[in-house]
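Contents: one structure, followed by commentary.
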Amino acid sequence: MIEVRGLQVRYGGRLVADVPELDVAAGECVAIVGESGSGKSTTLLSLLGLTEHAEVSGRVRVCGVDVLTASPRRLREIRGARAALVMQSPQAALAPATRLGVLMRRALRLHGRTDVDRVMARALEAVLLDPEILRRYPHEVSGGQAQRFAVALAIALGAEVILADEPTSALDVTVQAEVVGVLHRLRAERDLALLLVSHDLALVSTIADRVLVMKDGAVVESGPAAEVLARPSHPYTRELLEALP
Amino acid sequence: MTTDAQPLRRLLPRVPDRFAAFGAVLLAVVVLTALLAPWLAPYPLDEPRPLERLLPPSGAHWLGTDQVGRDVLTRILYGGRTSLFIAVAVLGVSAVTGVTLGVVAGYAGGWVRDVIMRVTDVFLAFPALLLSLALAIVLQPGVNTVILVIAVTWWPWYTRLAASVAASIATRPYVDAARCLGVPAPLIVVRHVLPNSLTPVLVQLSLDAGGVILTSAALSYLGLGAQEPTAEWGLMVQQGQTLFTTNWWVVTFPGLAILVTAFAFNVLGEGLRNALDPRRAVR
């Protein structure tokens with residue numbers, strides 16, 4: 001579902017992300033790991049063509065669309081509807097003065113979905129949210145609920161790819177497990193391609209099939225998650241693992 | 001000015017401080033008396049009674065009469081309609097133009113913002129009153145001219161304000177989220193950036209209303225604004241100024257009306273600003 005070859009993202013000439021190869025198949029979960037500023041979020045955003053004012057080169061295919069050459073209109077069609085982004089701060093990502101139900105309804109209409117009510121009910125069920133939440137404003141829901149709502153929105157729109165940018169770092173531990181559980185289950189049930197950006201190795205070890213370790217914009221190590229985490233070959237990966245509590 | 005705009009509906013239940021409430025009540029009185037002028041006014045608007053010239057305040061004429069024998073209270077009540085109409089019209093035109101351009105500039109950024117901002121710079125480079133005066137001299141004096149020439153100098157402030165707020169809104173996660181959902185830019189601006197940029201604009205509007213009334217009074221005072229026989233506060237002050245030492249009521253009462261209205265708007269605006277930005281509240 002995601003196919004990246006020789007992706008380079010530059011801001012004003014400075015190389016901030018250099019990813020030679022990254023593939024995520026349907027039903028697979030790949031994690032990009034690294035500290036803040038390592039270029040992992042930039043990589044994620046460039047997959048949807050959302051890196052503004054940046055020079056992006058290479059080849060990026062998401063859901064069969066060549067992102068770097070696609071028209072803005074074509075990009076808008078895949079954004080959300082086929083490849084959805086789940087953001088770090090879930091409540092801040094919801095328009096503050098809009099009820100969640102209105103928001104979801106608008107998103108579905110925008111992408112020309114019909115049978116909106118049933119789709120919404122099913123999506124909420126899939127993430128274990130009470131439909132009552134649709135009547136609430138973003139400040140009236142918890143972080144975990146907001147994050148599950150974001151996932152529900154992706155499901156409702158029928159996304160095949162979920163890009164998650166630090167989806168649990170703004171949540172407390174028990175709620176983290178809840179969100180991870182939902183993502184894990186949906187990936188299996190719906191054959192979702194899941195690309196996760198995180199610095200949380202505990203999370204990565206429970207959910208990811210493969211891992212890319214990034215440092216200063218470059219991929220320093222990649223491979224099956226179990227292998228990389230058990231026998232890190234790069235000193236930086238070892239450092240990250242040692243930093244685990 | 002807060003750039004951290006909060007959605008209006010969250011602010012409605014908040015009780016404004018007493019000072020602001022006082023401003024709001026005062027303003028309500030001014031607006032109501034202006035609206036109800038035809039019913040409240042004790043005399044017809046334009047009925048010069050040469051025999052009743054320059055009568056001091058009395059039971060028959062609470063605020064006295066002017067140099068052609070017209071009731072000052074009546075003229076002030078009707079004058080409020082003119083002054084408030086000018087304020088609303090100027091701010092309406094300025095806010096709509098200014099905010100539209102500002103929000104576009106703030107959200108789009110890049111060369112679009114540069115072009116819009118340089119245009120506002122050109123307008124702001126002239127001293128406001130001077131630009132208004134120059135334009136007013138060229139045009140036919142009257143209420144419409146007053147509205148036009150003040151609005152010309154006023155809108156760039158709203159553009160600057162809205163642009164800075166919109167630029168900050170544009171970086172909010174929910175705006176990013178909307179883009180990630182494939183929402184087209186114009187829809188993002190209308191649905192997210194505009195509504196969330198309005199709170200500081202609203203505060204600025206109430207703060208500015210007093211200034212507009214003072215400016216329009218100044219233009220009328222200089223003979224470039226409303227013309228006889230229109231009742232307008234600035235014009236009344238201008239026509240009564242030579243009588244100040246002998247017949248003080250002709251000029252003092254319309255002057256007080258300007259003062260009270262400008263004061264009411266300012267207090268209300270100040271209160272709104274405090275209510276919307278807790279860091280500014282001095283309690």
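Ordering of the structure tokens sets the chain letters (A, B, ...); residue numbers start at 1 within each chain; ligands are numbered from 1 in the order shown.
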Please identify all polymer residues within 8 Å of stretch 20-27 of chain A, counting only C-alpha atoms, omitting same-chain residues fewer than 3 positions from it, and present them as a list in words.
->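 So, after excluding close chain neighbours, the residues are Met1, Ile2, Glu3, Val4, Arg5, Gly6, Leu7, Val30, Glu160, Val161, Arg187, Ala188, Arg190, Asp191, Leu192, Ala193, Leu194, Leu195 and Val219 of chain A.
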Determine which residues of stretch 164-256 of chain B DSSP labels as helix (DSSP H, G or I) from the backbone of this structure, then write them out as an MDAnalysis selection string.
-> chainID B and resid 164:169 173:180 185:221 233:243 249:256
Compare B:Asp71, B:Thr245, B:Val25, B:Val103 by their minimum atom-to-atom distance to B:Val190, counting only C-alpha atoms, and give me the closest one.
-> B:Val103
At most 7 Å to chain A: residues in chain B, only C-alpha atoms, as a PyMOL selection string = chain B and resi 7+173-174+177+180-183
Save out the residues we just selected, N, CA and C atoms, as a PDB file, in the first residue's frame.
```pdb
ATOM      1  N   PRO B   7     -13.316  29.854  20.536  1.00  0.00           N
ATOM      2  CA  PRO B   7     -14.609  29.897  19.854  1.00  0.00           C
ATOM      3  C   PRO B   7     -15.602  30.682  20.698  1.00  0.00           C
ATOM      4  N   PRO B 173      -3.310  22.156  15.065  1.00  0.00           N
ATOM      5  CA  PRO B 173      -3.450  20.761  14.640  1.00  0.00           C
ATOM      6  C   PRO B 173      -4.774  20.459  13.936  1.00  0.00           C
ATOM      7  N   TYR B 174      -5.859  21.130  14.363  1.00  0.00           N
ATOM      8  CA  TYR B 174      -7.122  20.774  13.712  1.00  0.00           C
ATOM      9  C   TYR B 174      -7.191  21.261  12.277  1.00  0.00           C
ATOM     10  N   ALA B 177      -5.265  18.707  10.534  1.00  0.00           N
ATOM     11  CA  ALA B 177      -6.106  17.520  10.435  1.00  0.00           C
ATOM     12  C   ALA B 177      -7.083  17.660   9.277  1.00  0.00           C
ATOM     13  N   CYS B 180      -5.301  16.996   6.211  1.00  0.00           N
ATOM     14  CA  CYS B 180      -5.051  15.553   6.102  1.00  0.00           C
ATOM     15  C   CYS B 180      -6.290  14.794   5.669  1.00  0.00           C
ATOM     16  N   LEU B 181      -7.458  15.416   5.905  1.00  0.00           N
ATOM     17  CA  LEU B 181      -8.702  14.761   5.505  1.00  0.00           C
ATOM     18  C   LEU B 181      -9.071  15.106   4.069  1.00  0.00           C
ATOM     19  N   GLY B 182      -8.237  15.920   3.423  1.00  0.00           N
ATOM     20  CA  GLY B 182      -8.518  16.272   2.038  1.00  0.00           C
ATOM     21  C   GLY B 182      -9.519  17.398   1.879  1.00  0.00           C
ATOM     22  N   VAL B 183      -9.696  18.216   2.923  1.00  0.00           N
ATOM     23  CA  VAL B 183     -10.611  19.353   2.806  1.00  0.00           C
ATOM     24  C   VAL B 183      -9.938  20.436   1.956  1.00  0.00           C
TER      25      VAL B 183
END
```
In Å, with one decimal, what is the gap from atom CA of A:Glu178 to atom CA of A:Val151?
-> 12.0 Å
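Nearest to A:Gly181 of all the residues A:Val19, A:Ile133, A:Leu128, A:Ala225 is A:Leu128, based on only C-alpha atoms.
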DSSP on the backbone: what in stretch 75-194 of chain A comes out strand (DSSP E or B), as a VMD selection string?
-> chain A and resid 79 83 to 86 161 to 165 193 to 194
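The spacing separating atom CA of A:Arg231 from atom CA of A:Glu166 amounts to 24.0 Å.
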Polymer residues at most 8 Å from stretch 202-216 of chain A, only C-alpha atoms, same-chain spacing of 5 or more positions, as number ranges by chain = A: 16-17, 28-35, 37-40, 180, 184, 221-226, 228-229, 236-237, 244
For B:Thr242: contacts at 12 Å, only C-alpha atoms, fewer than 5 positions along chain excluded, given as a ChimeraX atom specification | /B:66-67,236-237,247-252
Produce a file of the selected residues containing C-alpha atoms, as a PDB file, in the first residue's frame.
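Printed below is out10.pdb as written:
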```pdb
ATOM      1  CA  ASP B  66     -29.919  76.294  19.367  1.00  0.00           C
ATOM      2  CA  GLN B  67     -29.195  79.366  17.247  1.00  0.00           C
ATOM      3  CA  MET B 236     -23.792  70.414  16.211  1.00  0.00           C
ATOM      4  CA  VAL B 237     -20.562  71.027  18.095  1.00  0.00           C
ATOM      5  CA  ASN B 247     -24.814  79.779  25.308  1.00  0.00           C
ATOM      6  CA  TRP B 248     -22.877  76.768  26.580  1.00  0.00           C
ATOM      7  CA  TRP B 249     -25.717  74.234  26.195  1.00  0.00           C
ATOM      8  CA  VAL B 250     -25.693  74.384  22.396  1.00  0.00           C
ATOM      9  CA  VAL B 251     -22.234  72.844  22.216  1.00  0.00           C
ATOM     10  CA  THR B 252     -21.844  71.061  25.554  1.00  0.00           C
TER      11      THR B 252
END
```
Mind checking which residues fall within 10 Å of stretch 108-118 of chain B, counting only C-alpha atoms, ignoring those fewer than 2 positions away in the same chain, and posting them as a list in words?
-> His53 of chain A; Leu101, Gly102, Val103, Val104, Ala105, Gly106, Thr120, Asp121, Val122, Phe123, Leu124, Pro156, Thr159, Arg160, Ala163, Ala166, Ala167, Ala170, Ala185, Pro186 and Val189 of chain B
Expected file: the selected residues, N, CA and C atoms, as a PDB file, in the first residue's frame:
```pdb
ATOM      1  N   HIS A  53       6.389  23.975   1.650  1.00  0.00           N
ATOM      2  CA  HIS A  53       7.636  24.728   1.532  1.00  0.00           C
ATOM      3  C   HIS A  53       8.859  23.823   1.580  1.00  0.00           C
TER       4      HIS A  53
ATOM      5  N   LEU B 101      -9.613  39.841   3.467  1.00  0.00           N
ATOM      6  CA  LEU B 101      -8.241  39.882   2.953  1.00  0.00           C
ATOM      7  C   LEU B 101      -7.260  39.302   3.970  1.00  0.00           C
ATOM      8  N   GLY B 102      -7.481  39.643   5.243  1.00  0.00           N
ATOM      9  CA  GLY B 102      -6.560  39.215   6.286  1.00  0.00           C
ATOM     10  C   GLY B 102      -6.529  37.707   6.445  1.00  0.00           C
ATOM     11  N   VAL B 103      -7.704  37.104   6.428  1.00  0.00           N
ATOM     12  CA  VAL B 103      -7.782  35.657   6.616  1.00  0.00           C
ATOM     13  C   VAL B 103      -7.129  34.933   5.431  1.00  0.00           C
ATOM     14  N   VAL B 104      -7.376  35.450   4.244  1.00  0.00           N
ATOM     15  CA  VAL B 104      -6.744  34.862   3.054  1.00  0.00           C
ATOM     16  C   VAL B 104      -5.221  34.992   3.169  1.00  0.00           C
ATOM     17  N   ALA B 105      -4.767  36.195   3.542  1.00  0.00           N
ATOM     18  CA  ALA B 105      -3.329  36.434   3.666  1.00  0.00           C
ATOM     19  C   ALA B 105      -2.711  35.517   4.716  1.00  0.00           C
ATOM     20  N   GLY B 106      -3.381  35.430   5.862  1.00  0.00           N
ATOM     21  CA  GLY B 106      -2.842  34.647   6.964  1.00  0.00           C
ATOM     22  C   GLY B 106      -2.794  33.166   6.658  1.00  0.00           C
ATOM     23  N   THR B 120      -1.747  47.006   2.436  1.00  0.00           N
ATOM     24  CA  THR B 120      -2.168  47.632   3.700  1.00  0.00           C
ATOM     25  C   THR B 120      -1.103  48.630   4.167  1.00  0.00           C
ATOM     26  N   ASP B 121       0.167  48.285   3.944  1.00  0.00           N
ATOM     27  CA  ASP B 121       1.239  49.208   4.332  1.00  0.00           C
ATOM     28  C   ASP B 121       1.079  50.562   3.647  1.00  0.00           C
ATOM     29  N   VAL B 122       0.725  50.501   2.351  1.00  0.00           N
ATOM     30  CA  VAL B 122       0.556  51.749   1.595  1.00  0.00           C
ATOM     31  C   VAL B 122      -0.531  52.605   2.246  1.00  0.00           C
ATOM     32  N   PHE B 123      -1.650  51.955   2.596  1.00  0.00           N
ATOM     33  CA  PHE B 123      -2.742  52.709   3.203  1.00  0.00           C
ATOM     34  C   PHE B 123      -2.364  53.228   4.583  1.00  0.00           C
ATOM     35  N   LEU B 124      -1.612  52.411   5.320  1.00  0.00           N
ATOM     36  CA  LEU B 124      -1.257  52.814   6.681  1.00  0.00           C
ATOM     37  C   LEU B 124      -0.141  53.847   6.702  1.00  0.00           C
ATOM     38  N   PRO B 156      -7.343  48.542   6.796  1.00  0.00           N
ATOM     39  CA  PRO B 156      -6.055  47.825   6.860  1.00  0.00           C
ATOM     40  C   PRO B 156      -5.740  47.278   8.254  1.00  0.00           C
ATOM     41  N   THR B 159      -7.227  43.973   8.459  1.00  0.00           N
ATOM     42  CA  THR B 159      -6.464  43.014   7.657  1.00  0.00           C
ATOM     43  C   THR B 159      -5.257  42.516   8.445  1.00  0.00           C
ATOM     44  N   ARG B 160      -4.548  43.459   9.071  1.00  0.00           N
ATOM     45  CA  ARG B 160      -3.359  43.071   9.837  1.00  0.00           C
ATOM     46  C   ARG B 160      -3.731  42.164  11.006  1.00  0.00           C
ATOM     47  N   ALA B 163      -4.948  38.796   9.723  1.00  0.00           N
ATOM     48  CA  ALA B 163      -3.859  38.017   9.123  1.00  0.00           C
ATOM     49  C   ALA B 163      -3.006  37.361  10.195  1.00  0.00           C
ATOM     50  N   ALA B 166      -5.123  34.615  11.807  1.00  0.00           N
ATOM     51  CA  ALA B 166      -5.338  33.510  10.877  1.00  0.00           C
ATOM     52  C   ALA B 166      -4.060  32.698  10.685  1.00  0.00           C
ATOM     53  N   ALA B 167      -2.926  33.393  10.671  1.00  0.00           N
ATOM     54  CA  ALA B 167      -1.655  32.680  10.491  1.00  0.00           C
ATOM     55  C   ALA B 167      -1.415  31.734  11.661  1.00  0.00           C
ATOM     56  N   ALA B 170      -3.828  28.837  11.361  1.00  0.00           N
ATOM     57  CA  ALA B 170      -3.471  27.944  10.251  1.00  0.00           C
ATOM     58  C   ALA B 170      -2.481  26.857  10.673  1.00  0.00           C
ATOM     59  N   ALA B 185      -8.726  23.993   0.468  1.00  0.00           N
ATOM     60  CA  ALA B 185      -8.309  25.183   1.204  1.00  0.00           C
ATOM     61  C   ALA B 185      -9.430  26.208   1.433  1.00  0.00           C
ATOM     62  N   PRO B 186     -10.234  26.555   0.406  1.00  0.00           N
ATOM     63  CA  PRO B 186     -11.270  27.563   0.653  1.00  0.00           C
ATOM     64  C   PRO B 186     -12.238  27.136   1.756  1.00  0.00           C
ATOM     65  N   VAL B 189     -10.640  27.621   5.151  1.00  0.00           N
ATOM     66  CA  VAL B 189     -10.655  29.030   5.544  1.00  0.00           C
ATOM     67  C   VAL B 189     -12.032  29.421   6.069  1.00  0.00           C
TER      68      VAL B 189
END
```
Which polymer residues have any atom within 9 Å of an atom of B:Leu259, counting only C-alpha atoms, with same-chain residues fewer than 4 positions away left out, as number ranges by chain?
-> B: 210, 214, 254-255, 263-264
Separation of atom CA of A:Ala126 from atom CA of A:Ser169, in Å and rounded to one decimal =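 About the pair atom CA of A:Ala126 and atom CA of A:Ser169: they are 22.2 Å apart.
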What's the 8 Å shell around A:Ala156, counting only C-alpha atoms, without same-chain residues fewer than 2 positions away, as a list in words?
->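 Answer for this query is Leu108, Val119, Met120, Arg122, Ala123, Ala152, Leu153, Ala154, Gly158 and Ala159 of chain A.
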Can you write out the residues you just picked, keeping N, CA and C atoms, as a compact mmCIF listing (two decimals), in the first residue's frame?
```txt
# COMPACT_ATOMS: atom_id res chain seq x y z
N LEU A 108 -17.41 12.64 5.83
CA LEU A 108 -17.98 11.59 4.99
C LEU A 108 -18.62 12.19 3.73
N VAL A 119 -22.77 4.08 8.53
CA VAL A 119 -21.32 4.02 8.48
C VAL A 119 -20.71 4.55 9.78
N MET A 120 -21.29 5.66 10.26
CA MET A 120 -20.78 6.27 11.48
C MET A 120 -20.97 5.34 12.67
N ARG A 122 -21.27 2.12 12.72
CA ARG A 122 -20.38 0.95 12.63
C ARG A 122 -18.94 1.29 13.00
N ALA A 123 -18.50 2.45 12.52
CA ALA A 123 -17.11 2.84 12.78
C ALA A 123 -16.89 3.05 14.27
N ALA A 152 -11.76 5.97 14.32
CA ALA A 152 -13.11 5.69 13.81
C ALA A 152 -13.37 6.47 12.52
N LEU A 153 -12.89 7.70 12.51
CA LEU A 153 -13.07 8.54 11.32
C LEU A 153 -12.38 7.91 10.12
N ALA A 154 -11.16 7.41 10.35
CA ALA A 154 -10.42 6.75 9.29
C ALA A 154 -11.17 5.51 8.79
N GLY A 158 -13.25 4.58 5.22
CA GLY A 158 -12.79 3.41 4.47
C GLY A 158 -11.31 3.44 4.14
N ALA A 159 -10.51 4.06 5.03
CA ALA A 159 -9.08 4.15 4.77
C ALA A 159 -8.45 2.76 4.76
```
